[in-house]
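Q: Data file protein20.cif (mmCIF, N, CA and C atoms) is appended below.
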```
data_data
loop_
_atom_site.label_atom_id
_atom_site.label_comp_id
_atom_site.auth_asym_id
_atom_site.auth_seq_id
_atom_site.Cartn_x
_atom_site.Cartn_y
_atom_site.Cartn_z
N GLN K 1 9.27 12.08 -1.23
CA GLN K 1 8.01 12.62 -1.73
C GLN K 1 7.45 11.72 -2.82
N VAL K 2 6.12 11.66 -2.86
CA VAL K 2 5.42 10.91 -3.89
C VAL K 2 4.37 11.83 -4.50
N GLN K 3 4.42 12.01 -5.80
CA GLN K 3 3.36 12.76 -6.49
C GLN K 3 2.37 11.78 -7.09
N LEU K 4 1.10 12.13 -6.94
CA LEU K 4 0.01 11.29 -7.44
C LEU K 4 -0.84 12.12 -8.38
N VAL K 5 -1.08 11.60 -9.57
CA VAL K 5 -1.88 12.31 -10.56
C VAL K 5 -3.10 11.46 -10.90
N GLU K 6 -4.27 12.00 -10.57
CA GLU K 6 -5.52 11.27 -10.80
C GLU K 6 -6.17 11.72 -12.11
N SER K 7 -6.92 10.82 -12.69
CA SER K 7 -7.71 11.17 -13.87
C SER K 7 -8.89 10.22 -13.96
N GLY K 8 -9.87 10.59 -14.78
CA GLY K 8 -10.98 9.69 -15.06
C GLY K 8 -12.30 10.06 -14.44
N GLY K 9 -12.33 11.09 -13.62
CA GLY K 9 -13.60 11.50 -13.04
C GLY K 9 -14.50 12.12 -14.10
N GLY K 10 -15.73 12.39 -13.71
CA GLY K 10 -16.66 13.03 -14.63
C GLY K 10 -18.09 12.87 -14.20
N LEU K 11 -18.98 13.14 -15.13
CA LEU K 11 -20.43 13.05 -14.90
C LEU K 11 -20.96 11.81 -15.61
N VAL K 12 -21.74 11.03 -14.88
CA VAL K 12 -22.31 9.80 -15.45
C VAL K 12 -23.70 9.60 -14.88
N GLN K 13 -24.55 8.93 -15.63
CA GLN K 13 -25.89 8.62 -15.14
C GLN K 13 -25.86 7.42 -14.20
N ALA K 14 -26.84 7.37 -13.32
CA ALA K 14 -26.95 6.23 -12.41
C ALA K 14 -26.99 4.93 -13.21
N GLY K 15 -26.25 3.94 -12.71
CA GLY K 15 -26.13 2.67 -13.41
C GLY K 15 -24.95 2.59 -14.35
N GLY K 16 -24.32 3.72 -14.60
CA GLY K 16 -23.19 3.77 -15.51
C GLY K 16 -21.89 3.40 -14.84
N SER K 17 -20.80 3.56 -15.60
CA SER K 17 -19.47 3.17 -15.13
C SER K 17 -18.46 4.29 -15.39
N LEU K 18 -17.44 4.30 -14.57
CA LEU K 18 -16.28 5.17 -14.77
C LEU K 18 -15.05 4.41 -14.31
N ARG K 19 -13.89 4.77 -14.86
CA ARG K 19 -12.63 4.20 -14.39
C ARG K 19 -11.70 5.34 -14.01
N LEU K 20 -11.28 5.33 -12.77
CA LEU K 20 -10.31 6.30 -12.29
C LEU K 20 -8.91 5.73 -12.39
N SER K 21 -7.95 6.60 -12.67
CA SER K 21 -6.54 6.21 -12.71
C SER K 21 -5.74 7.09 -11.77
N CYS K 22 -4.73 6.52 -11.16
CA CYS K 22 -3.82 7.27 -10.30
C CYS K 22 -2.39 6.84 -10.63
N ALA K 23 -1.64 7.76 -11.20
CA ALA K 23 -0.26 7.49 -11.57
C ALA K 23 0.67 8.05 -10.50
N ALA K 24 1.60 7.21 -10.04
CA ALA K 24 2.56 7.62 -9.02
C ALA K 24 3.89 8.02 -9.64
N SER K 25 4.61 8.88 -8.96
CA SER K 25 5.90 9.36 -9.47
C SER K 25 7.04 8.40 -9.16
N ILE K 26 6.75 7.36 -8.38
CA ILE K 26 7.77 6.36 -8.06
C ILE K 26 7.19 4.97 -8.33
N THR K 27 8.04 3.98 -8.28
CA THR K 27 7.53 2.63 -8.47
C THR K 27 6.54 2.27 -7.38
N ILE K 28 5.41 1.72 -7.77
CA ILE K 28 4.40 1.42 -6.78
C ILE K 28 4.77 0.18 -5.96
N ARG K 29 5.84 -0.49 -6.34
CA ARG K 29 6.32 -1.60 -5.50
C ARG K 29 6.83 -1.08 -4.15
N ASP K 30 7.15 0.23 -4.10
CA ASP K 30 7.60 0.85 -2.84
C ASP K 30 6.45 1.49 -2.07
N ILE K 31 5.22 1.27 -2.54
CA ILE K 31 4.04 1.85 -1.91
C ILE K 31 3.15 0.73 -1.40
N ASP K 32 2.74 0.84 -0.15
CA ASP K 32 1.87 -0.19 0.43
C ASP K 32 1.14 0.36 1.63
N PRO K 33 -0.17 0.60 1.55
CA PRO K 33 -1.00 0.32 0.39
C PRO K 33 -1.13 1.55 -0.51
N MET K 34 -1.85 1.37 -1.58
CA MET K 34 -2.20 2.47 -2.48
C MET K 34 -3.66 2.30 -2.85
N GLY K 35 -4.38 3.41 -2.97
CA GLY K 35 -5.79 3.24 -3.29
C GLY K 35 -6.57 4.54 -3.30
N TRP K 36 -7.83 4.43 -2.94
CA TRP K 36 -8.76 5.53 -3.12
C TRP K 36 -9.59 5.76 -1.86
N TYR K 37 -9.77 7.04 -1.58
CA TYR K 37 -10.72 7.49 -0.57
C TYR K 37 -11.65 8.48 -1.27
N ARG K 38 -12.77 8.76 -0.65
CA ARG K 38 -13.67 9.76 -1.21
C ARG K 38 -14.28 10.62 -0.11
N GLN K 39 -14.67 11.80 -0.51
CA GLN K 39 -15.38 12.69 0.40
C GLN K 39 -16.69 13.09 -0.27
N ARG K 40 -17.77 12.60 0.28
CA ARG K 40 -19.08 12.91 -0.26
C ARG K 40 -19.60 14.16 0.43
N PRO K 41 -20.51 14.88 -0.22
CA PRO K 41 -21.02 16.14 0.36
C PRO K 41 -21.56 15.94 1.77
N GLY K 42 -21.06 16.73 2.71
CA GLY K 42 -21.54 16.69 4.08
C GLY K 42 -21.03 15.52 4.90
N LYS K 43 -20.10 14.73 4.34
CA LYS K 43 -19.60 13.55 5.05
C LYS K 43 -18.08 13.60 5.18
N GLN K 44 -17.57 12.78 6.09
CA GLN K 44 -16.12 12.68 6.26
C GLN K 44 -15.51 11.84 5.15
N ARG K 45 -14.21 12.05 4.95
CA ARG K 45 -13.50 11.24 3.97
C ARG K 45 -13.55 9.77 4.41
N GLU K 46 -13.76 8.88 3.45
CA GLU K 46 -13.93 7.46 3.77
C GLU K 46 -13.17 6.59 2.78
N LEU K 47 -12.86 5.40 3.23
CA LEU K 47 -12.18 4.42 2.39
C LEU K 47 -13.09 3.96 1.26
N VAL K 48 -12.54 3.93 0.05
CA VAL K 48 -13.23 3.29 -1.07
C VAL K 48 -12.59 1.93 -1.32
N ALA K 49 -11.30 1.93 -1.62
CA ALA K 49 -10.59 0.68 -1.87
C ALA K 49 -9.09 0.92 -1.83
N VAL K 50 -8.36 -0.05 -1.31
CA VAL K 50 -6.90 -0.01 -1.37
C VAL K 50 -6.39 -1.36 -1.79
N ILE K 51 -5.18 -1.34 -2.34
CA ILE K 51 -4.53 -2.58 -2.75
C ILE K 51 -3.14 -2.60 -2.13
N HIS K 52 -2.77 -3.79 -1.65
CA HIS K 52 -1.49 -3.97 -0.99
C HIS K 52 -0.53 -4.68 -1.93
N ASN K 53 0.76 -4.56 -1.65
CA ASN K 53 1.75 -5.37 -2.38
C ASN K 53 1.39 -6.84 -2.21
N GLY K 54 1.40 -7.55 -3.31
CA GLY K 54 0.96 -8.94 -3.27
C GLY K 54 -0.47 -9.09 -3.75
N GLY K 55 -1.18 -7.98 -3.87
CA GLY K 55 -2.50 -8.02 -4.49
C GLY K 55 -3.70 -8.05 -3.57
N ALA K 56 -3.49 -8.14 -2.26
CA ALA K 56 -4.64 -8.14 -1.35
C ALA K 56 -5.36 -6.81 -1.44
N THR K 57 -6.69 -6.86 -1.36
CA THR K 57 -7.50 -5.66 -1.50
C THR K 57 -8.45 -5.50 -0.32
N THR K 58 -8.80 -4.25 -0.06
CA THR K 58 -9.79 -3.92 0.96
C THR K 58 -10.75 -2.91 0.36
N TYR K 59 -12.06 -3.15 0.57
CA TYR K 59 -13.08 -2.26 0.03
C TYR K 59 -13.97 -1.72 1.14
N GLY K 60 -14.46 -0.49 0.92
CA GLY K 60 -15.48 0.02 1.80
C GLY K 60 -16.78 -0.76 1.60
N ASP K 61 -17.57 -0.87 2.64
CA ASP K 61 -18.78 -1.69 2.58
C ASP K 61 -19.74 -1.23 1.48
N SER K 62 -19.81 0.07 1.27
CA SER K 62 -20.81 0.59 0.33
C SER K 62 -20.45 0.36 -1.14
N VAL K 63 -19.23 -0.07 -1.41
CA VAL K 63 -18.82 -0.26 -2.81
C VAL K 63 -18.51 -1.71 -3.14
N LYS K 64 -18.55 -2.58 -2.16
CA LYS K 64 -18.24 -3.99 -2.41
C LYS K 64 -19.17 -4.56 -3.46
N GLY K 65 -18.58 -5.29 -4.41
CA GLY K 65 -19.37 -5.90 -5.47
C GLY K 65 -19.61 -5.00 -6.65
N ARG K 66 -19.31 -3.70 -6.52
CA ARG K 66 -19.52 -2.76 -7.62
C ARG K 66 -18.22 -2.16 -8.13
N PHE K 67 -17.28 -1.95 -7.24
CA PHE K 67 -16.01 -1.33 -7.59
C PHE K 67 -14.90 -2.38 -7.55
N THR K 68 -13.90 -2.19 -8.42
CA THR K 68 -12.74 -3.09 -8.44
C THR K 68 -11.47 -2.27 -8.55
N ILE K 69 -10.54 -2.52 -7.65
CA ILE K 69 -9.25 -1.85 -7.70
C ILE K 69 -8.23 -2.80 -8.31
N SER K 70 -7.32 -2.23 -9.12
CA SER K 70 -6.28 -3.03 -9.74
C SER K 70 -5.04 -2.16 -9.92
N GLU K 71 -3.94 -2.81 -10.29
CA GLU K 71 -2.70 -2.05 -10.44
C GLU K 71 -1.96 -2.53 -11.68
N ASP K 72 -1.14 -1.62 -12.21
CA ASP K 72 -0.25 -1.94 -13.32
C ASP K 72 1.14 -1.48 -12.87
N ASN K 73 1.96 -2.43 -12.45
CA ASN K 73 3.29 -2.08 -11.93
C ASN K 73 4.16 -1.43 -13.01
N ALA K 74 4.01 -1.84 -14.24
CA ALA K 74 4.84 -1.29 -15.32
C ALA K 74 4.55 0.19 -15.54
N LYS K 75 3.31 0.59 -15.26
CA LYS K 75 2.92 1.99 -15.46
C LYS K 75 2.86 2.76 -14.14
N ASN K 76 3.17 2.10 -13.04
CA ASN K 76 3.10 2.74 -11.71
C ASN K 76 1.74 3.38 -11.50
N THR K 77 0.71 2.66 -11.87
CA THR K 77 -0.65 3.20 -11.85
C THR K 77 -1.60 2.23 -11.17
N VAL K 78 -2.53 2.81 -10.41
CA VAL K 78 -3.61 2.06 -9.80
C VAL K 78 -4.92 2.54 -10.41
N TYR K 79 -5.81 1.60 -10.65
CA TYR K 79 -7.09 1.91 -11.28
C TYR K 79 -8.23 1.58 -10.32
N LEU K 80 -9.33 2.31 -10.51
CA LEU K 80 -10.57 2.00 -9.80
C LEU K 80 -11.68 1.92 -10.83
N GLN K 81 -12.13 0.70 -11.09
CA GLN K 81 -13.25 0.50 -12.00
C GLN K 81 -14.52 0.58 -11.18
N MET K 82 -15.38 1.52 -11.53
CA MET K 82 -16.62 1.75 -10.79
C MET K 82 -17.80 1.42 -11.68
N ASN K 83 -18.55 0.40 -11.31
CA ASN K 83 -19.72 -0.02 -12.06
C ASN K 83 -20.99 0.19 -11.22
N SER K 84 -22.13 0.16 -11.89
CA SER K 84 -23.42 0.31 -11.21
C SER K 84 -23.41 1.52 -10.28
N LEU K 85 -22.95 2.62 -10.82
CA LEU K 85 -22.82 3.82 -10.00
C LEU K 85 -24.18 4.34 -9.55
N LYS K 86 -24.19 4.89 -8.33
CA LYS K 86 -25.40 5.42 -7.73
C LYS K 86 -25.20 6.91 -7.43
N PRO K 87 -26.29 7.66 -7.33
CA PRO K 87 -26.13 9.09 -6.98
C PRO K 87 -25.36 9.29 -5.69
N GLU K 88 -25.47 8.37 -4.76
CA GLU K 88 -24.74 8.52 -3.49
C GLU K 88 -23.25 8.25 -3.61
N ASP K 89 -22.80 7.85 -4.79
CA ASP K 89 -21.35 7.73 -5.04
C ASP K 89 -20.74 9.07 -5.42
N THR K 90 -21.56 10.08 -5.60
CA THR K 90 -21.07 11.41 -5.95
C THR K 90 -20.13 11.92 -4.88
N GLY K 91 -18.99 12.46 -5.32
CA GLY K 91 -18.02 13.01 -4.38
C GLY K 91 -16.69 13.28 -5.02
N LEU K 92 -15.77 13.73 -4.19
CA LEU K 92 -14.39 13.96 -4.62
C LEU K 92 -13.57 12.74 -4.25
N TYR K 93 -12.96 12.13 -5.23
CA TYR K 93 -12.20 10.89 -5.04
C TYR K 93 -10.72 11.22 -5.01
N TYR K 94 -10.07 10.78 -3.94
CA TYR K 94 -8.65 11.06 -3.74
C TYR K 94 -7.84 9.78 -3.83
N CYS K 95 -6.74 9.87 -4.53
CA CYS K 95 -5.77 8.78 -4.52
C CYS K 95 -4.90 8.92 -3.28
N TYR K 96 -4.53 7.78 -2.71
CA TYR K 96 -3.72 7.76 -1.50
C TYR K 96 -2.60 6.74 -1.66
N ALA K 97 -1.43 7.13 -1.19
CA ALA K 97 -0.28 6.23 -1.23
C ALA K 97 0.47 6.30 0.09
N GLU K 98 0.90 5.17 0.58
CA GLU K 98 1.63 5.13 1.85
C GLU K 98 2.95 4.40 1.68
N ARG K 99 4.00 5.02 2.18
CA ARG K 99 5.29 4.34 2.23
C ARG K 99 5.99 4.76 3.51
N TRP K 100 7.22 4.31 3.70
CA TRP K 100 7.88 4.54 4.98
C TRP K 100 8.09 6.01 5.29
N THR K 101 8.05 6.86 4.25
CA THR K 101 8.24 8.30 4.44
C THR K 101 6.95 9.01 4.84
N GLY K 102 5.81 8.30 4.79
CA GLY K 102 4.56 8.93 5.16
C GLY K 102 3.43 8.62 4.20
N GLY K 103 2.29 9.30 4.40
CA GLY K 103 1.13 9.14 3.52
C GLY K 103 1.02 10.33 2.57
N TYR K 104 0.56 10.06 1.35
CA TYR K 104 0.49 11.09 0.32
C TYR K 104 -0.88 11.05 -0.34
N TRP K 105 -1.37 12.27 -0.70
CA TRP K 105 -2.68 12.39 -1.31
C TRP K 105 -2.58 13.06 -2.67
N GLY K 106 -3.44 12.63 -3.58
CA GLY K 106 -3.59 13.34 -4.83
C GLY K 106 -4.48 14.55 -4.65
N GLN K 107 -4.69 15.27 -5.75
CA GLN K 107 -5.46 16.52 -5.67
C GLN K 107 -6.96 16.27 -5.68
N GLY K 108 -7.36 15.07 -6.04
CA GLY K 108 -8.78 14.72 -6.08
C GLY K 108 -9.37 14.85 -7.47
N THR K 109 -10.31 13.98 -7.77
CA THR K 109 -11.03 14.04 -9.03
C THR K 109 -12.52 13.89 -8.72
N GLN K 110 -13.33 14.73 -9.34
CA GLN K 110 -14.76 14.78 -9.04
C GLN K 110 -15.51 13.70 -9.81
N VAL K 111 -16.35 12.97 -9.08
CA VAL K 111 -17.27 12.02 -9.68
C VAL K 111 -18.69 12.47 -9.34
N THR K 112 -19.49 12.66 -10.38
CA THR K 112 -20.87 13.08 -10.18
C THR K 112 -21.79 12.08 -10.88
N VAL K 113 -22.72 11.52 -10.11
CA VAL K 113 -23.65 10.53 -10.65
C VAL K 113 -25.05 11.13 -10.59
N SER K 114 -25.66 11.28 -11.76
CA SER K 114 -27.00 11.88 -11.83
C SER K 114 -28.06 10.78 -11.78
N SER K 115 -29.19 11.13 -11.21
CA SER K 115 -30.28 10.15 -11.08
C SER K 115 -31.20 10.19 -12.28
#
```
Can the structure from this file be put into structure tokens for me?

A:
Amino acid sequence: QVQLVESGGGLVQAGGSLRLSCAASITIRDIDPMGWYRQRPGKQRELVAVIHNGGATTYGDSVKGRFTISEDNAKNTVYLQMNSLKPEDTGLYYCYAERWTGGYWGQGTQVTVSS
């Protein structure tokens, strides 16, 4: 089992920034990949960004150039720096972790971007 604890969501104006954090209950060296998905109102859950062991990253098309995913192995934490936020970024952001035992989801953190 892997427990994931997210933090950092909130309300921000368009053009602003937020940083999400996801702390894992195990060493993230045993997780590949780890990252973020989101569910926007009326839409299916979609990829935001994931990071693989070794540092390779994958981003959803709608966030490329605005969001940056990073990791801190010492803290077993993955971060999502979100800049130039838009109202359409509003949604519930979920941390995701995958290892040989399966895929794991956090409880979600709400991001609301006002226009």

Q: Residues near Asp32 (chain K), anyone? I mean within 8 Å using only N, CA and C atoms, not counting same-chain ones fewer than 6 positions away, as a count of residues only.

A: 7

Q: May I ask for the distance between atom C of Gly54 (chain K) and atom C of Ser70 (chain K), given in Å to one decimal place?

A: 10.3 Å

Q: Which is closer to Gly16 (chain K) than all the others in K:Ser84, K:Thr58, K:Gln1, K:Ser115, using only N, CA and C atoms?

A: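 The closest residue to Gly16 (chain K) is K:Ser84.
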
Q: Translate the PyMOL selection byres (((chain K and resi 43-48 and name CA) around 10) and name CA) into a concrete residue list for this structure, as a list in words.

A: Gly35, Trp36, Tyr37, Arg38, Gln39, Arg40, Pro41, Gly42, Ala49, Val50, Thr58, Tyr59, Gly60, Asp61, Ser62, Val63, Lys64, Phe67, Thr68, Ile69, Leu80, Gly91, Leu92, Tyr93, Tyr94, Cys95 and Tyr96 of chain K

Q: Do you know which residues are at most 8 Å from Gln107 (chain K) counting only C-alpha atoms, after dropping those on the same chain fewer than 2 positions away, and could you put them as a list in words?

A: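 Residues meeting the cut-off are Leu4, Val5, Glu6, Tyr94, Cys95, Trp105 and Thr109 of chain K.
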
Q: Need the shell around Lys86 (chain K): protein/DNA/RNA residues with any atom at most 6.5 Å away, counting all atoms listed in the file. Skip same-chain ones fewer than 3 positions apart. Format as a ChimeraX atom specification?

A: /K:14-16,83,89-90,113-114

Q: Grab the residues selected above and save them as a PDB file, in the coordinates of the input with N, CA and C atoms.

A:
```pdb
ATOM      1  N   ALA K  14     -26.840   7.370 -13.320  1.00  0.00           N
ATOM      2  CA  ALA K  14     -26.950   6.230 -12.410  1.00  0.00           C
ATOM      3  C   ALA K  14     -26.990   4.930 -13.210  1.00  0.00           C
ATOM      4  N   GLY K  15     -26.250   3.940 -12.710  1.00  0.00           N
ATOM      5  CA  GLY K  15     -26.130   2.670 -13.410  1.00  0.00           C
ATOM      6  C   GLY K  15     -24.950   2.590 -14.350  1.00  0.00           C
ATOM      7  N   GLY K  16     -24.320   3.720 -14.600  1.00  0.00           N
ATOM      8  CA  GLY K  16     -23.190   3.770 -15.510  1.00  0.00           C
ATOM      9  C   GLY K  16     -21.890   3.400 -14.840  1.00  0.00           C
ATOM     10  N   ASN K  83     -18.550   0.400 -11.310  1.00  0.00           N
ATOM     11  CA  ASN K  83     -19.720  -0.020 -12.060  1.00  0.00           C
ATOM     12  C   ASN K  83     -20.990   0.190 -11.220  1.00  0.00           C
ATOM     13  N   ASP K  89     -22.800   7.850  -4.790  1.00  0.00           N
ATOM     14  CA  ASP K  89     -21.350   7.730  -5.040  1.00  0.00           C
ATOM     15  C   ASP K  89     -20.740   9.070  -5.420  1.00  0.00           C
ATOM     16  N   THR K  90     -21.560  10.080  -5.600  1.00  0.00           N
ATOM     17  CA  THR K  90     -21.070  11.410  -5.950  1.00  0.00           C
ATOM     18  C   THR K  90     -20.130  11.920  -4.880  1.00  0.00           C
ATOM     19  N   VAL K 113     -22.720  11.520 -10.110  1.00  0.00           N
ATOM     20  CA  VAL K 113     -23.650  10.530 -10.650  1.00  0.00           C
ATOM     21  C   VAL K 113     -25.050  11.130 -10.590  1.00  0.00           C
ATOM     22  N   SER K 114     -25.660  11.280 -11.760  1.00  0.00           N
ATOM     23  CA  SER K 114     -27.000  11.880 -11.830  1.00  0.00           C
ATOM     24  C   SER K 114     -28.060  10.780 -11.780  1.00  0.00           C
TER      25      SER K 114
END
```

Q: Take the PyMOL selection byres ((chain K and resi 25) around 6), apply it to the structure above, and return the hits as a ChimeraX atom specification.

A: /K:2-4,23-24,26-27

Q: Between CA of Ile31 (chain K) and atom N of Thr57 (chain K), what is the distance, to one decimal in Å?

A: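 Computing it gives 13.8 Å between the two atoms.
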
Q: Do you have the atom C of Arg29 (chain K)-atom C of Asp72 (chain K) distance handy?

A: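 We find that atom C of Arg29 (chain K) and atom C of Asp72 (chain K) lie 10.4 Å from each other.
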
Q: Apply DSSP to the backbone of this structure and, from region 33-86 of chain K, keep only the residues in helix (DSSP H, G or I); write these as number ranges by chain.

A: K: 61-63, 73-75

Q: Using backbone DSSP assignments, extract all strand (DSSP E or B) residues from region 53-99 of chain K; output them as JSON, numbers by chain.

A: {"K": [57, 58, 59, 67, 68, 69, 70, 71, 72, 77, 78, 79, 80, 81, 82, 91, 92, 93, 94, 95, 96, 97, 98, 99]}

Q: I'd like the box whose edges run along x, y and z of the file and which contains every listed atom of region 78-88 of chain K, padded by 4 Å per side; could you state its centre and edge lengths in Å, one decimal, as AutoDock Vina command-line options?

A:
```
--center_x -14.4 --center_y 4.6 --center_z -7.8 --size_x 31.8 --size_y 17.3 --size_z 16.6
```

Q: Which of these residues is nearest to Val111 (chain K), using only C-alpha atoms: K:Ile28, K:Ala56, K:Met34, K:Met82?

A: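 Smallest separation from Val111 (chain K) among the options: K:Met82.
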